[in-house]
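Q: Sharing a structure, written as structure tokens. Questions coming.
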Amino acid sequence: MEMPKTMKAIRYHTYGGPDVLRLEQVTVPKAAEGEVVVRVHAAGVNPGDWQIRSGLAGDRFELPYTPGWDISGVVASVGEGVTGLKQGDAVYGMTANSGGCAEYVAVPAGHLALKPRSADFVQAAALPQSGFTAWHALFIQGKLEAGHTVLINGAAGGVGHLAVQLARWKGAAVIGAASARNKTFLDRLGVDRFVDYTAVLPPDMVRIADLVLDTAGGDQGSWLLDTLKPGGRLVPIAWGSYSSEQAEKASVIVQQVQYPPIAPVYLQELSQLVDSGQLNVEIDSIFPLEETANAHLKSESRRTRGKIVISII
């Protein structure tokens, strides 16, 4: 595959709103040792993209900056020391330091796996971060097992709708909490019970869950503590505020947000679930690279069902 010298990429040179995003012509990256360069077909959009862009993450990321952590595409070149991947392989995964909203990106080979056979590039780009986040929160932090009951807050979102399916695959009973407009969608995913999180908690929902997965965060999450059995766990994937006094009184554990690095073994597991029909990615909307600002605006609305994806090829 012959590589061009320059490519299109979305970048910003200062923090701010979506208007700081620019489509620019930049140099195509080269694969360092242990890396491959991927011809990007699609890039997933995550809340972290616009949170970093707006300055909420501080100055930890060097400017100018190209957003996009989740990618899918085809291996264009392979660096020294890479085994298991070759030029022409269709892959998906996560970059080491963003950069996915571009025609090419250099990625550590250990952050990639072969794309699920049954998924197109858009679906594959929607899966890595959200799928792994759901997996880690449910099974590693949350220690969810068959027969447990899990309440997933924000169950219709990018992480939430995948968490519903993963919990069902594990054999857990699933309570999906979301706004009323998402009830039909979550019923279709197979939740055992739906809860409107804008309404008063039903009395029979008190002390019912072994695990709560909170994908929403914010300062209104203490009601989730009331749904946990004594000894239960609340695992947040976004920063939230929960009453420590209430948690202690209820004898429940509130864990910290964790962002561990992704590994091919988890991508391979997700691929197998997709190819076996046990995991499906809901695509909320697709935007071309030139409309990345609109994709960020949609994500910032927090009213998405499933995932937003940038289509690049």
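Residue numbering restarts at 1 in every chain; chains get A, B, ... in the order shown in the structure tokens, and ligands count up from 1 in that same order.
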Per residue of range 253-311 of chain A within 10 Å of range 172-195 of chain A, note the shortest atom pair and the distance in Å to one decimal, counting only C-alpha atoms, and order the rows by chain and increasing residue number, as CSV.
A:
```
residue,atom,partner,partner_atom,distance
A:Leu279,CA,A:Leu189,CA,9.8
A:Asn280,CA,A:Leu189,CA,9.3
A:Arg303,CA,A:Ser179,CA,9.5
A:Arg305,CA,A:Asn182,CA,8.0
```
Q: Mind checking which residues fall within 12 Å of range 60-66 of chain A, counting only C-alpha atoms, ignoring those fewer than 6 positions away in the same chain, and posting them as a VMD selection string?
A: chain A and resid 8 to 15 20 to 26 43 49 to 54 95 97 to 105 289 292
Q: Run DSSP on the backbone of this structure and report the residues of range 40-241 of chain A it assigns to helix (DSSP H, G or I), as number ranges by chain.
A: A: 47-53, 109-111, 121-125, 128-141, 158-170, 180-189, 203-205, 222-227
Q: Pull the closest atom pair for each residue of range 75-110 of chain A that gets at most 9 Å from range 248-267 of chain A, along with the distance in Å to one decimal, counting only C-alpha atoms, ordering rows by chain and then ascending residue number, as a tab-separated table.
A:
```
residue	atom	partner	partner_atom	distance
A:Tyr92	CA	A:Leu267	CA	8.2
A:Gly93	CA	A:Leu267	CA	7.2
A:Met94	CA	A:Ile262	CA	7.4
A:Ala96	CA	A:Pro261	CA	8.8
A:Ala109	CA	A:Pro264	CA	8.9
A:Gly110	CA	A:Pro264	CA	6.2
```
Q: For the residues in the current selection, export all heavy atoms as an mmCIF file, in the first residue's frame.
A:
```
data_model
loop_
_atom_site.group_PDB
_atom_site.id
_atom_site.type_symbol
_atom_site.label_atom_id
_atom_site.label_comp_id
_atom_site.auth_asym_id
_atom_site.auth_seq_id
_atom_site.Cartn_x
_atom_site.Cartn_y
_atom_site.Cartn_z
ATOM 1 N N TYR A 92 -9.212 -3.065 14.435
ATOM 2 C CA TYR A 92 -9.880 -2.034 15.234
ATOM 3 C C TYR A 92 -9.224 -1.994 16.603
ATOM 4 O O TYR A 92 -8.526 -2.931 17.004
ATOM 5 C CB TYR A 92 -11.376 -2.286 15.339
ATOM 6 C CG TYR A 92 -11.817 -3.314 16.359
ATOM 7 C CD1 TYR A 92 -12.690 -2.969 17.382
ATOM 8 C CD2 TYR A 92 -11.391 -4.641 16.299
ATOM 9 C CE1 TYR A 92 -13.125 -3.894 18.317
ATOM 10 C CE2 TYR A 92 -11.826 -5.576 17.218
ATOM 11 C CZ TYR A 92 -12.688 -5.197 18.236
ATOM 12 O OH TYR A 92 -13.109 -6.119 19.155
ATOM 13 N N GLY A 93 -9.385 -0.873 17.303
ATOM 14 C CA GLY A 93 -8.778 -0.740 18.613
ATOM 15 C C GLY A 93 -8.694 0.711 19.028
ATOM 16 O O GLY A 93 -9.478 1.554 18.576
ATOM 17 N N MET A 94 -7.703 0.998 19.888
ATOM 18 C CA MET A 94 -7.562 2.347 20.437
ATOM 19 C C MET A 94 -6.154 2.867 20.241
ATOM 20 O O MET A 94 -5.186 2.122 20.384
ATOM 21 C CB MET A 94 -7.896 2.349 21.931
ATOM 22 C CG MET A 94 -9.371 2.206 22.228
ATOM 23 S SD MET A 94 -9.688 2.345 24.008
ATOM 24 C CE MET A 94 -9.167 4.045 24.296
ATOM 25 N N ALA A 96 -2.851 5.279 21.251
ATOM 26 C CA ALA A 96 -2.185 5.506 22.537
ATOM 27 C C ALA A 96 -2.375 6.931 23.020
ATOM 28 O O ALA A 96 -2.371 7.194 24.229
ATOM 29 C CB ALA A 96 -0.693 5.205 22.413
ATOM 30 N N ALA A 109 0.872 -1.769 18.185
ATOM 31 C CA ALA A 109 0.247 -3.016 17.716
ATOM 32 C C ALA A 109 -0.535 -3.702 18.829
ATOM 33 O O ALA A 109 -1.549 -4.370 18.570
ATOM 34 C CB ALA A 109 1.319 -3.955 17.165
ATOM 35 N N GLY A 110 -0.097 -3.518 20.067
ATOM 36 C CA GLY A 110 -0.772 -4.132 21.201
ATOM 37 C C GLY A 110 -2.102 -3.510 21.555
ATOM 38 O O GLY A 110 -2.800 -4.006 22.442
#
```
Q: Show which residues sit within 6 Å of Thr215 in chain A, as a short mmCIF file (atom, residue, chain, number, x, y, z; two decimals) with N, CA, C and O atoms, in the first residue's frame. Count only C-alpha atoms, and ignore same-chain residues fewer than 4 positions away.
A:
```
data_model
loop_
_atom_site.label_atom_id
_atom_site.label_comp_id
_atom_site.auth_asym_id
_atom_site.auth_seq_id
_atom_site.Cartn_x
_atom_site.Cartn_y
_atom_site.Cartn_z
N ASN A 153 -27.11 2.52 35.07
CA ASN A 153 -27.65 3.88 34.94
C ASN A 153 -27.09 4.52 33.67
O ASN A 153 -25.88 4.53 33.45
N GLY A 154 -27.99 5.06 32.84
CA GLY A 154 -27.59 5.54 31.52
C GLY A 154 -27.47 4.37 30.56
O GLY A 154 -26.55 4.30 29.75
N ILE A 237 -18.21 5.09 35.85
CA ILE A 237 -17.26 5.25 34.74
C ILE A 237 -17.11 6.72 34.35
O ILE A 237 -16.35 7.05 33.46
N ALA A 238 -17.87 7.58 35.04
CA ALA A 238 -17.75 9.02 34.86
C ALA A 238 -17.74 9.63 36.26
O ALA A 238 -18.25 9.03 37.20
#
```
Q: With a distance cut-off of 6 Å and only C-alpha atoms, select the neighbouring residues of range 128-141 of chain A, excluding the residue or stretch itself and same-chain residues fewer than 2 positions from it, and output the selection as a PyMOL selection string.
A: chain A and resi 93+143-144+159+163
Q: Residues near Ser271 in chain A, anyone? I mean within 8 Å using only C-alpha atoms, not counting same-chain ones fewer than 5 positions away, as a list in words.
A: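 Skipping anything fewer than 5 positions along the chain leaves Lys115, Pro116 and Arg117 of chain A.
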Q: Which residues are close to Ser311 in chain A, i.e. within 8 Å by only C-alpha atoms, leaving aside same-chain residues fewer than 3 positions away? Reply as a list in words.
A: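 Answer for this query is His41, Ala42, Ala43, Val122, Ile286, Phe287, Pro288 and Leu289 of chain A.
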